[in-house]
>>> print(open('target.tsv').read())   # TSV, C-alpha atoms
chain	number	residue	atom	x	y	z
A	789	MET	CA	95.81	-112.80	154.13
A	790	SER	CA	92.40	-112.24	152.54
A	791	ALA	CA	89.40	-114.19	153.77
A	792	THR	CA	88.09	-116.92	151.49
A	793	THR	CA	84.73	-118.55	150.78
A	794	PRO	CA	84.86	-122.31	150.13
A	795	LEU	CA	82.86	-123.75	147.24
A	796	TRP	CA	81.58	-127.23	146.45
A	797	ILE	CA	82.05	-128.29	142.82
A	798	GLY	CA	80.05	-131.13	141.29
A	799	THR	CA	81.45	-132.78	138.16
A	800	PHE	CA	80.53	-134.88	135.17
A	801	PRO	CA	82.20	-138.20	134.35
A	802	HIS	CA	85.61	-137.40	132.90
A	803	ALA	CA	84.63	-138.30	129.34
A	804	GLY	CA	81.54	-136.09	129.42
A	805	ILE	CA	77.75	-136.34	129.28
A	806	GLY	CA	76.37	-139.79	128.62
A	807	THR	CA	79.62	-141.65	129.26
A	808	GLU	CA	80.25	-144.26	131.93
A	809	ALA	CA	80.01	-142.95	135.47
A	810	GLY	CA	82.03	-143.97	138.48
A	811	LEU	CA	85.54	-143.92	137.02
A	812	GLY	CA	87.02	-141.38	139.42
A	813	GLU	CA	84.83	-138.28	139.17
A	814	GLY	CA	83.47	-136.75	142.34
A	815	ILE	CA	82.90	-133.64	144.42
A	816	TRP	CA	85.67	-131.06	144.80
A	817	ARG	CA	86.26	-128.08	147.03
A	818	VAL	CA	87.95	-124.81	146.10
A	819	ASP	CA	88.48	-121.53	147.94
A	820	LEU	CA	87.45	-118.17	146.46
A	821	ASP	CA	89.32	-115.08	147.64
A	822	ARG	CA	86.62	-112.59	148.62
A	823	THR	CA	88.81	-109.57	147.89
A	824	THR	CA	90.49	-110.46	144.60
A	825	GLY	CA	88.29	-113.20	143.13
A	826	ALA	CA	91.29	-115.53	142.89
A	827	LEU	CA	90.72	-119.27	143.20
A	828	GLY	CA	92.83	-121.65	145.23
A	829	GLU	CA	93.90	-125.05	143.99
A	830	PRO	CA	90.86	-127.36	143.68
A	831	ARG	CA	91.07	-130.43	145.90
A	832	PRO	CA	89.06	-133.64	145.58
A	833	VAL	CA	86.86	-134.41	148.57
A	834	VAL	CA	85.00	-137.61	147.67
A	835	GLU	CA	84.62	-139.90	144.68
A	836	THR	CA	81.02	-140.51	143.69
A	837	PRO	CA	79.42	-141.32	140.31
A	838	ALA	CA	78.31	-138.36	138.17
A	839	PRO	CA	77.57	-135.73	140.87
A	840	THR	CA	76.50	-133.20	138.25
A	841	PHE	CA	74.35	-131.23	140.67
A	842	VAL	CA	74.80	-130.71	144.40
A	843	ALA	CA	72.74	-128.85	147.00
A	844	THR	CA	73.35	-127.92	150.61
A	845	HIS	CA	71.06	-128.13	153.61
A	846	PRO	CA	70.54	-124.73	155.28
A	847	GLY	CA	72.05	-126.07	158.49
A	848	GLY	CA	75.32	-126.82	156.71
A	849	ARG	CA	75.63	-130.36	158.01
A	850	TRP	CA	74.54	-132.11	154.81
A	851	LEU	CA	75.42	-131.98	151.12
A	852	TYR	CA	73.27	-133.81	148.60
A	853	ALA	CA	74.43	-134.99	145.19
A	854	VAL	CA	72.69	-136.57	142.23
A	855	GLY	CA	74.13	-139.56	140.44
A	856	GLU	CA	73.22	-138.59	136.88
A	857	SER	CA	72.96	-141.96	135.19
A	858	GLU	CA	70.25	-144.06	133.55
A	859	ARG	CA	69.16	-145.40	136.94
A	860	GLY	CA	69.58	-142.20	138.88
A	861	THR	CA	70.50	-141.86	142.51
A	862	VAL	CA	70.65	-139.22	145.24
A	863	THR	CA	73.26	-139.43	148.00
A	864	ALA	CA	73.33	-137.52	151.30
A	865	PHE	CA	76.85	-136.71	152.50
A	866	GLU	CA	77.55	-135.57	156.04
A	867	VAL	CA	79.99	-132.66	156.15
A	868	THR	CA	82.78	-133.29	158.65
A	869	ALA	CA	84.50	-130.70	160.82
A	870	ASP	CA	87.56	-130.70	158.54
A	871	GLY	CA	85.49	-130.14	155.37
A	872	GLY	CA	85.28	-133.75	154.31
A	873	LEU	CA	82.21	-135.61	153.05
A	874	VAL	CA	80.99	-138.96	154.37
A	875	PRO	CA	78.21	-140.76	152.44
A	876	ARG	CA	75.40	-141.67	154.85
A	877	ALA	CA	72.51	-142.69	152.61
A	878	THR	CA	71.73	-143.29	148.95
A	879	VAL	CA	68.29	-143.69	147.40
A	880	THR	CA	67.13	-143.92	143.82
A	881	SER	CA	66.13	-140.63	142.21
A	882	GLY	CA	62.78	-142.03	141.10
A	883	GLY	CA	63.69	-141.63	137.46
A	884	SER	CA	66.48	-141.42	134.92
A	885	ALA	CA	69.34	-138.90	134.80
A	886	PRO	CA	68.60	-136.61	137.78
A	887	CYS	CA	69.92	-133.14	137.00
A	888	HIS	CA	68.63	-130.74	139.68
A	889	LEU	CA	67.97	-130.72	143.42
A	890	LEU	CA	66.05	-128.31	145.63
A	891	VAL	CA	65.82	-128.41	149.43
A	892	VAL	CA	62.40	-127.22	150.64
A	893	ASP	CA	61.87	-127.50	154.38
A	894	ASP	CA	62.02	-131.23	155.22
A	895	ALA	CA	62.11	-132.50	151.64
A	896	LEU	CA	64.64	-132.85	148.85
A	897	LEU	CA	63.05	-132.40	145.42
A	898	VAL	CA	64.68	-134.13	142.45
A	899	ALA	CA	64.23	-133.34	138.74
A	900	ASN	CA	64.95	-136.33	136.48
A	901	TYR	CA	65.77	-135.21	132.96
A	902	VAL	CA	65.36	-138.25	130.72
A	903	ASP	CA	61.85	-139.32	131.79
A	904	GLY	CA	60.63	-136.05	133.30
A	905	VAL	CA	59.95	-137.48	136.76
A	906	LEU	CA	59.81	-135.23	139.83
A	907	ALA	CA	60.66	-137.10	143.05
A	908	VAL	CA	60.33	-136.18	146.73
A	909	VAL	CA	62.93	-137.50	149.19
A	910	PRO	CA	61.87	-136.85	152.82
A	911	LEU	CA	64.39	-135.34	155.24
A	912	THR	CA	64.63	-135.15	159.01
A	913	PRO	CA	64.63	-131.65	160.54
A	914	ASP	CA	68.45	-131.65	160.67
A	915	GLY	CA	68.71	-132.70	157.01
A	916	ALA	CA	69.35	-136.45	156.99
A	917	ILE	CA	67.35	-138.62	154.59
A	918	ARG	CA	64.58	-140.07	156.71
A	919	PRO	CA	65.23	-143.62	157.97
A	920	GLU	CA	62.19	-145.10	156.22
A	921	ALA	CA	63.34	-143.73	152.85
A	922	THR	CA	66.88	-144.95	153.50
A	923	ALA	CA	65.60	-148.41	154.37
A	924	ALA	CA	63.36	-148.59	151.30
A	925	GLY	CA	66.00	-147.02	149.06
A	926	VAL	CA	63.41	-145.01	147.14
A	927	PRO	CA	61.78	-141.55	147.32
A	928	ALA	CA	58.53	-141.04	149.19
A	929	GLN	CA	56.87	-139.74	146.01
A	930	VAL	CA	57.48	-140.26	142.31
A	931	LEU	CA	55.51	-137.87	140.10
A	932	PRO	CA	55.69	-138.67	136.35
A	933	HIS	CA	54.49	-136.51	133.48
A	934	THR	CA	53.53	-136.93	129.82
A	935	GLY	CA	53.74	-134.78	126.73
A	936	SER	CA	56.12	-133.67	124.00
A	937	GLY	CA	57.14	-130.69	121.88
A	938	PRO	CA	57.88	-129.88	118.23
A	939	ASP	CA	61.63	-130.56	118.37
A	940	ARG	CA	61.77	-134.27	117.54
A	941	ASP	CA	65.36	-134.64	118.74
A	942	ARG	CA	65.00	-132.86	122.09
A	943	GLN	CA	61.27	-132.87	122.88
A	944	GLU	CA	60.15	-136.42	122.21
A	945	GLY	CA	58.89	-136.65	125.80
A	946	PRO	CA	58.91	-134.80	129.13
A	947	HIS	CA	62.31	-133.61	130.41
A	948	ALA	CA	62.26	-132.11	133.90
A	949	HIS	CA	65.27	-129.80	134.16
A	950	PHE	CA	64.76	-127.53	137.17
A	951	VAL	CA	62.63	-127.24	140.32
A	952	ALA	CA	61.62	-123.87	141.82
A	953	LEU	CA	59.64	-122.83	144.87
A	954	THR	CA	57.07	-120.07	144.37
A	955	PRO	CA	57.59	-116.93	146.48
A	956	ASP	CA	54.58	-117.70	148.70
A	957	ARG	CA	55.86	-121.29	149.17
A	958	ARG	CA	52.47	-122.75	148.25
A	959	HIS	CA	53.60	-124.40	145.04
A	960	VAL	CA	56.58	-126.01	143.34
A	961	LEU	CA	57.27	-125.44	139.64
A	962	VAL	CA	59.12	-127.78	137.31
A	963	ALA	CA	60.68	-126.43	134.11
A	964	ASP	CA	59.94	-129.13	131.54
A	965	LEU	CA	62.19	-128.75	128.51
A	966	GLY	CA	60.35	-131.48	126.60
A	967	THR	CA	56.79	-130.16	126.91
A	968	ASP	CA	57.41	-126.38	126.94
A	969	GLU	CA	55.63	-126.11	130.29
A	970	LEU	CA	56.18	-124.92	133.82
A	971	ARG	CA	54.45	-127.76	135.65
A	972	ARG	CA	52.79	-126.87	138.96
A	973	TYR	CA	52.53	-128.91	142.15
A	974	ALA	CA	50.67	-127.85	145.29
A	975	ARG	CA	52.40	-128.35	148.63
A	976	THR	CA	50.36	-130.03	151.33
A	977	ALA	CA	50.57	-129.73	155.11
A	978	ASP	CA	52.50	-133.00	155.44
A	979	GLY	CA	55.13	-131.94	152.91
A	980	SER	CA	53.90	-134.08	150.02
A	981	LEU	CA	53.13	-132.69	146.56
A	982	VAL	CA	49.96	-132.89	144.48
A	983	ALA	CA	49.96	-132.32	140.72
A	984	ASP	CA	48.13	-129.04	140.11
A	985	GLY	CA	48.18	-128.40	136.39
A	986	VAL	CA	50.42	-126.02	134.48
A	987	ALA	CA	51.59	-122.62	135.70
A	988	ALA	CA	52.68	-121.43	132.24
A	989	ARG	CA	52.88	-122.75	128.70
A	990	LEU	CA	55.81	-121.37	126.73
A	991	PRO	CA	55.78	-121.01	122.93
A	992	PRO	CA	56.34	-124.35	121.14
A	993	GLY	CA	60.04	-125.13	120.87
A	994	THR	CA	61.12	-122.91	123.78
A	995	GLY	CA	62.70	-125.71	125.78
A	996	PRO	CA	62.45	-124.13	129.26
A	997	ARG	CA	65.57	-125.11	131.18
A	998	HIS	CA	66.09	-123.01	134.32
A	999	VAL	CA	63.96	-120.32	135.98
A	1000	VAL	CA	64.33	-117.62	138.62
A	1001	PHE	CA	61.78	-115.40	140.35
A	1002	ALA	CA	62.25	-111.65	140.67
A	1003	ALA	CA	63.11	-110.45	144.17
A	1004	ASP	CA	59.61	-109.03	144.65
A	1005	GLY	CA	57.94	-112.17	143.29
A	1006	ALA	CA	56.09	-110.26	140.58
A	1007	HIS	CA	57.98	-111.74	137.63
A	1008	LEU	CA	59.53	-115.01	136.57
A	1009	TYR	CA	62.45	-115.33	134.16
A	1010	VAL	CA	62.71	-118.50	132.08
A	1011	ALA	CA	65.81	-119.56	130.12
A	1012	GLY	CA	64.77	-121.08	126.78
A	1013	GLU	CA	67.45	-123.61	125.91
A	1014	LEU	CA	66.06	-124.35	122.45
A	1015	ASP	CA	64.91	-120.90	121.31
A	1016	ALA	CA	67.93	-119.00	122.76
A	1017	THR	CA	65.88	-116.45	124.69
A	1018	VAL	CA	64.81	-115.38	128.16
A	1019	HIS	CA	61.04	-115.27	128.62
A	1020	VAL	CA	59.77	-112.68	131.11
A	1021	LEU	CA	56.50	-113.78	132.72
A	1022	ALA	CA	54.28	-111.70	134.98
A	1023	TRP	CA	53.54	-113.85	138.02
A	1024	ASP	CA	50.06	-113.91	139.56
A	1025	ALA	CA	50.39	-115.37	143.04
A	1026	SER	CA	46.63	-115.68	143.55
A	1027	THR	CA	46.33	-118.17	140.67
A	1028	ALA	CA	49.93	-119.39	140.65
A	1029	THR	CA	50.24	-118.68	136.95
A	1030	GLY	CA	52.69	-116.84	134.73
A	1031	ALA	CA	51.62	-114.68	131.78
A	1032	PRO	CA	54.01	-113.72	128.95
A	1033	ARG	CA	55.26	-110.17	129.14
A	1034	ARG	CA	58.37	-109.95	127.00
A	1035	THR	CA	60.99	-112.17	125.36
A	1036	VAL	CA	64.60	-111.05	125.02
A	1037	PRO	CA	67.41	-112.70	123.02
A	1038	ALA	CA	70.27	-114.53	124.69
A	1039	VAL	CA	72.86	-112.33	122.96
A	1040	PRO	CA	72.81	-108.88	121.27
A	1041	ALA	CA	71.40	-108.71	117.75
A	1042	ALA	CA	74.81	-108.08	116.21
A	1043	GLU	CA	76.15	-111.31	117.70
A	1044	ALA	CA	73.02	-113.28	116.85
A	1045	ALA	CA	73.54	-112.34	113.19
A	1046	ASP	CA	76.75	-114.36	112.99
A	1047	GLY	CA	74.85	-117.58	112.24
A	1048	VAL	CA	75.99	-119.41	115.37
A	1049	ARG	CA	73.28	-121.39	117.12
A	1050	ARG	CA	73.24	-120.63	120.85
A	1051	SER	CA	71.83	-122.45	123.84
A	1052	PRO	CA	71.24	-120.83	127.25
A	1053	SER	CA	71.93	-122.84	130.39
A	1054	HIS	CA	71.69	-121.47	133.93
A	1055	VAL	CA	69.94	-118.20	134.81
A	1056	LEU	CA	70.18	-116.32	138.12
A	1057	LEU	CA	69.56	-112.93	139.69
A	1058	ASP	CA	72.27	-110.78	141.23
A	1059	GLY	CA	70.58	-107.71	142.66
A	1060	ASP	CA	69.36	-105.66	139.71
A	1061	ARG	CA	71.16	-107.86	137.15
A	1062	LEU	CA	70.02	-111.07	135.50
A	1063	LEU	CA	72.88	-113.39	134.45
A	1064	LEU	CA	72.62	-116.10	131.82
A	1065	GLY	CA	75.16	-118.72	130.76
A	1066	VAL	CA	75.15	-119.01	126.96
A	1067	ARG	CA	76.69	-121.86	124.98
A	1068	ALA	CA	77.66	-121.51	121.31
A	1069	LEU	CA	76.92	-124.82	119.61
A	1070	GLY	CA	79.47	-126.25	117.21
A	1071	LEU	CA	83.02	-124.99	116.80
A	1072	ARG	CA	82.15	-121.31	116.39
A	1073	GLY	CA	81.86	-119.19	119.48
A	1074	PRO	CA	82.57	-117.74	121.88
A	1075	ASP	CA	80.51	-118.95	124.83
A	1076	ALA	CA	79.61	-116.15	127.21
A	1077	VAL	CA	77.83	-114.88	130.28
A	1078	THR	CA	75.05	-112.52	129.24
A	1079	SER	CA	73.84	-109.86	131.67
A	1080	TYR	CA	70.64	-107.79	131.61
A	1081	ASP	CA	69.60	-104.84	133.72
A	1082	VAL	CA	66.37	-105.60	135.57
A	1083	ARG	CA	64.15	-102.56	135.23
A	1084	ALA	CA	61.84	-101.23	137.91
A	1085	ASP	CA	58.84	-102.72	136.10
A	1086	GLY	CA	60.44	-106.19	136.03
A	1087	THR	CA	61.31	-106.20	132.34
A	1088	LEU	CA	64.86	-106.65	131.10
A	1089	GLY	CA	67.22	-104.30	129.31
A	1090	GLU	CA	69.27	-105.22	126.28
A	1091	PRO	CA	71.71	-108.14	126.58
A	1092	ARG	CA	75.43	-107.57	127.15
A	1093	THR	CA	77.87	-110.44	126.75
A	1094	ALA	CA	81.14	-111.18	128.55
A	1095	PRO	CA	83.09	-113.79	126.54
A	1096	LEU	CA	84.40	-116.90	128.25
A	1097	PRO	CA	87.75	-118.56	127.51
A	1098	GLY	CA	86.22	-121.93	126.63
A	1099	PRO	CA	83.02	-123.87	125.95
A	1100	THR	CA	79.97	-124.92	127.93
A	1101	PRO	CA	79.13	-122.69	130.90
A	1102	ARG	CA	77.06	-125.32	132.66
A	1103	HIS	CA	76.32	-123.48	135.90
A	1104	LEU	CA	76.96	-120.08	137.50
A	1105	ALA	CA	77.09	-118.78	141.05
A	1106	VAL	CA	77.55	-115.23	142.29
A	1107	VAL	CA	79.66	-115.42	145.44
A	1108	ASP	CA	80.84	-112.31	147.32
A	1109	GLY	CA	80.21	-110.26	144.16
A	1110	TRP	CA	82.22	-112.57	141.88
A	1111	THR	CA	80.60	-114.70	139.16
A	1112	VAL	CA	82.03	-118.21	139.25
A	1113	VAL	CA	81.41	-120.23	136.08
A	1114	ALA	CA	81.70	-124.00	135.69
A	1115	LEU	CA	83.07	-124.44	132.16
A	1116	GLN	CA	82.27	-128.08	131.60
A	1117	ASP	CA	84.02	-128.77	128.29
A	1118	ALA	CA	86.87	-126.33	128.91
A	1119	HIS	CA	87.61	-128.27	132.12
A	1120	ALA	CA	87.98	-125.07	134.11
A	1121	LEU	CA	86.46	-122.80	136.70
A	1122	VAL	CA	86.45	-119.14	135.67
A	1123	VAL	CA	85.76	-116.04	137.76
A	1124	GLN	CA	84.36	-112.82	136.31
A	1125	GLY	CA	84.16	-109.47	138.05
A	1126	PRO	CA	80.99	-107.35	138.20
A	1127	ASP	CA	81.86	-105.81	134.82
A	1128	GLY	CA	82.34	-109.21	133.17
A	1129	THR	CA	86.14	-109.05	133.11
A	1130	GLN	CA	87.83	-112.36	133.77
A	1131	VAL	CA	89.91	-112.22	136.95
A	1132	ALA	CA	90.81	-115.86	137.60
A	1133	ALA	CA	90.71	-119.40	136.24
A	1134	VAL	CA	91.80	-122.83	137.43
A	1135	ALA	CA	91.81	-126.22	135.76
A	1136	LEU	CA	89.26	-128.80	136.95
A	1137	ARG	CA	87.99	-131.83	135.07
A	1138	SER	CA	84.38	-131.46	133.77
A	1139	PRO	CA	82.92	-129.06	136.37
A	1140	ALA	CA	79.12	-128.97	136.31
A	1141	CYS	CA	77.89	-127.15	139.40
A	1142	VAL	CA	79.12	-124.44	141.80
A	1143	VAL	CA	77.61	-124.13	145.30
A	1144	PRO	CA	79.00	-122.15	148.27
A	1145	VAL	CA	79.74	-124.16	151.38
A	1146	VAL	CA	77.24	-123.45	154.15
A	1147	THR	CA	78.82	-123.02	157.56
A	1148	ALA	CA	76.75	-123.61	160.67
>>> encode(input="target.tsv", output="structure tokens")
Amino acid sequence: MSATTPLWIGTFPHAGIGTEAGLGEGIWRVDLDRTTGALGEPRPVVETPAPTFVATHPGGRWLYAVGESERGTVTAFEVTADGGLVPRATVTSGGSAPCHLLVVDDALLVANYVDGVLAVVPLTPDGAIRPEATAAGVPAQVLPHTGSGPDRDRQEGPHAHFVALTPDRRHVLVADLGTDELRRYARTADGSLVADGVAARLPPGTGPRHVVFAADGAHLYVAGELDATVHVLAWDASTATGAPRRTVPAVPAAEAADGVRRSPSHVLLDGDRLLLGVRALGLRGPDAVTSYDVRADGTLGEPRTAPLPGPTPRHLAVVDGWTVVALQDAHALVVQGPDGTQVAAVALRSPACVVPVVTA
């Protein structure tokens, strides 16, 4: 029998984004066959409201999940020996509709989409939420932001969508879809954050959603949700700023000419490839995973698309060489091989996030 890698799957409420949470959705677990890319039958692990993003502690003992609702929450689950999850602490997310989590040393950083708030939840060295935060029920820091962009429907205010650690670990960046900025926060010796200006301003209407640094730290790739591009920034570590270098489209020119409006979601690096989930808005498609060759100088080659069997690739993970895609509105997990060929799919209600299980 082939060895498998277990995955955590966070989900949306069954009726989709913006609908009532807490009606049975939760965190699931599924096994990925390392040799074939096949997926086992997904199994529910715990019910919890709107766990649309989950993150693991490096020690493997803890899994954290947002509760993406108007009054957002973050819950720390202890992972049991048999792969179960036991909720140990819940605090508010500091804002509305938390959508991303990042573990940095002894802190859990939370991006709240609706109001743009970045929050800091302190952790013990083994990964538990610190007792004082648990007792108070709130983060240690709540860092709001102001601003807007030209898209009146999507950029009426700040919308924090993703948190990233700079390669030298001196700063934290927040991709703000509403203000077209990569906000910058300096890390202090005690683990707290201090607002430190803007690391990069993207062209008006970009809608920066997710980001990833190049392996050598010399470049930063930014998925523009609203302008359907990937922005390549040259990263200057000495000033903690990004300068525009090149912008590439989310799909090849021939596909872009079909009149379908597209919206990138998650972006990640897999060796010398950059992968991008691309959603086709409306009834015309298809949705796809776009791949780019990362050149030696950090720029990107031309986009190549691998069509998906349904809509809304919300999140991607490359696990043991296989690309696992959470197809939110197709209610399925899909696996693609290195060449983009689909090798497996299983049904799962409203998957939103894919994270490998960390074993101690």
>>> residues_around(input="target.tsv", residues="Leu1096 of chain A", least_positions_apart="5", cutoff="7 Å", atoms="only C-alpha atoms", output="VMD selection string")
chain A and resid 1074 to 1076
>>> closest_residue(input="target.tsv", among="A:Leu1064, A:Val905, A:Leu1021, A:Ala1135", to="Ser1079 of chain A", atoms="all atoms listed in the file")
A:Leu1064
>>> closest_residue(input="target.tsv", among="A:Ala1003, A:Ala1028, A:Leu1136, A:Ala1022", to="Asp1058 of chain A", atoms="only C-alpha atoms")
A:Ala1003
>>> atom_distance(input="target.tsv", atom1="atom CA of Ser1138 of chain A", atom2="atom CA of Ala1118 of chain A")
7.5 Å
>>> closest_residue(input="target.tsv", among="A:Arg989, A:His949, A:Arg1083, A:His1007", to="Gly937 of chain A", atoms="all atoms listed in the file")
A:Arg989
>>> closest_residue(input="target.tsv", among="A:Thr861, A:Gly904, A:Thr934, A:Pro991", to="Ala963 of chain A", atoms="all atoms listed in the file")
A:Gly904
>>> atom_distance(input="target.tsv", atom1="atom CA of Gly966 of chain A", atom2="atom CA of Ala948 of chain A")
7.6 Å
>>> residues_near_point(input="target.tsv", point="(70.2, -105.5, 138.4)", cutoff="9 Å", atoms="all atoms listed in the file", output="ChimeraX atom specification")
/A:1057-1062,1079-1083
>>> residues_around(input="target.tsv", residues="Val1123 of chain A", least_positions_apart="3", cutoff="7 Å", atoms="all atoms listed in the file", output="list in words")
Gly825, Trp1110, Thr1111, Val1112, Val1113, Gln1130, Val1131, Ala1132 and Ala1133 of chain A
>>> atom_distance(input="target.tsv", atom1="atom CA of Val1145 of chain A", atom2="atom CA of Arg975 of chain A")
27.8 Å
>>> closest_residue(input="target.tsv", among="A:Ala916, A:Val1055, A:Ala1068, A:Leu890", to="Pro875 of chain A", atoms="all atoms listed in the file")
A:Ala916
>>> closest_residue(input="target.tsv", among="A:Thr1100, A:Ala853, A:Gly860, A:Trp796", to="Leu820 of chain A", atoms="only C-alpha atoms")
A:Trp796
>>> residues_around(input="target.tsv", residues="Asp941 of chain A", least_positions_apart="5", cutoff="12 Å", atoms="all atoms listed in the file", output="ChimeraX atom specification")
/A:936,965-966,993,995,1014
>>> residues_near_point(input="target.tsv", point="(83.4, -141.2, 136.2)", cutoff="6 Å", atoms="all atoms listed in the file", output="tab-separated table (two decimals) with C-alpha atoms, in the frame of the given file")
chain	number	residue	atom	x	y	z
A	801	PRO	CA	82.20	-138.20	134.35
A	802	HIS	CA	85.61	-137.40	132.90
A	809	ALA	CA	80.01	-142.95	135.47
A	810	GLY	CA	82.03	-143.97	138.48
A	811	LEU	CA	85.54	-143.92	137.02
A	812	GLY	CA	87.02	-141.38	139.42
A	813	GLU	CA	84.83	-138.28	139.17
A	837	PRO	CA	79.42	-141.32	140.31
>>> residues_around(input="target.tsv", residues="Ser1026 of chain A", least_positions_apart="5", cutoff="12 Å", atoms="all atoms listed in the file", output="PyMOL selection string")
chain A and resi 954-956+958-959+987+1005-1006
>>> write_last_selection(input="target.tsv", atoms="C-alpha atoms", output="PDB file, in the frame of the given file")
ATOM      1  CA  THR A 954      57.070-120.070 144.370  1.00  0.00           C
ATOM      2  CA  PRO A 955      57.590-116.930 146.480  1.00  0.00           C
ATOM      3  CA  ASP A 956      54.580-117.700 148.700  1.00  0.00           C
ATOM      4  CA  ARG A 958      52.470-122.750 148.250  1.00  0.00           C
ATOM      5  CA  HIS A 959      53.600-124.400 145.040  1.00  0.00           C
ATOM      6  CA  ALA A 987      51.590-122.620 135.700  1.00  0.00           C
ATOM      7  CA  GLY A1005      57.940-112.170 143.290  1.00  0.00           C
ATOM      8  CA  ALA A1006      56.090-110.260 140.580  1.00  0.00           C
TER       9      ALA A1006
END
>>> residues_around(input="target.tsv", residues="Leu1008 of chain A", least_positions_apart="5", cutoff="9 Å", atoms="all atoms listed in the file", output="VMD selection string")
chain A and resid 999 to 1002 1019 to 1023 1030 1086
>>> write_last_selection(input="target.tsv", atoms="C-alpha atoms", output="PDB file, keeping the file's coordinate frame")
ATOM      1  CA  VAL A 999      63.960-120.320 135.980  1.00  0.00           C
ATOM      2  CA  VAL A1000      64.330-117.620 138.620  1.00  0.00           C
ATOM      3  CA  PHE A1001      61.780-115.400 140.350  1.00  0.00           C
ATOM      4  CA  ALA A1002      62.250-111.650 140.670  1.00  0.00           C
ATOM      5  CA  HIS A1019      61.040-115.270 128.620  1.00  0.00           C
ATOM      6  CA  VAL A1020      59.770-112.680 131.110  1.00  0.00           C
ATOM      7  CA  LEU A1021      56.500-113.780 132.720  1.00  0.00           C
ATOM      8  CA  ALA A1022      54.280-111.700 134.980  1.00  0.00           C
ATOM      9  CA  TRP A1023      53.540-113.850 138.020  1.00  0.00           C
ATOM     10  CA  GLY A1030      52.690-116.840 134.730  1.00  0.00           C
ATOM     11  CA  GLY A1086      60.440-106.190 136.030  1.00  0.00           C
TER      12      GLY A1086
END
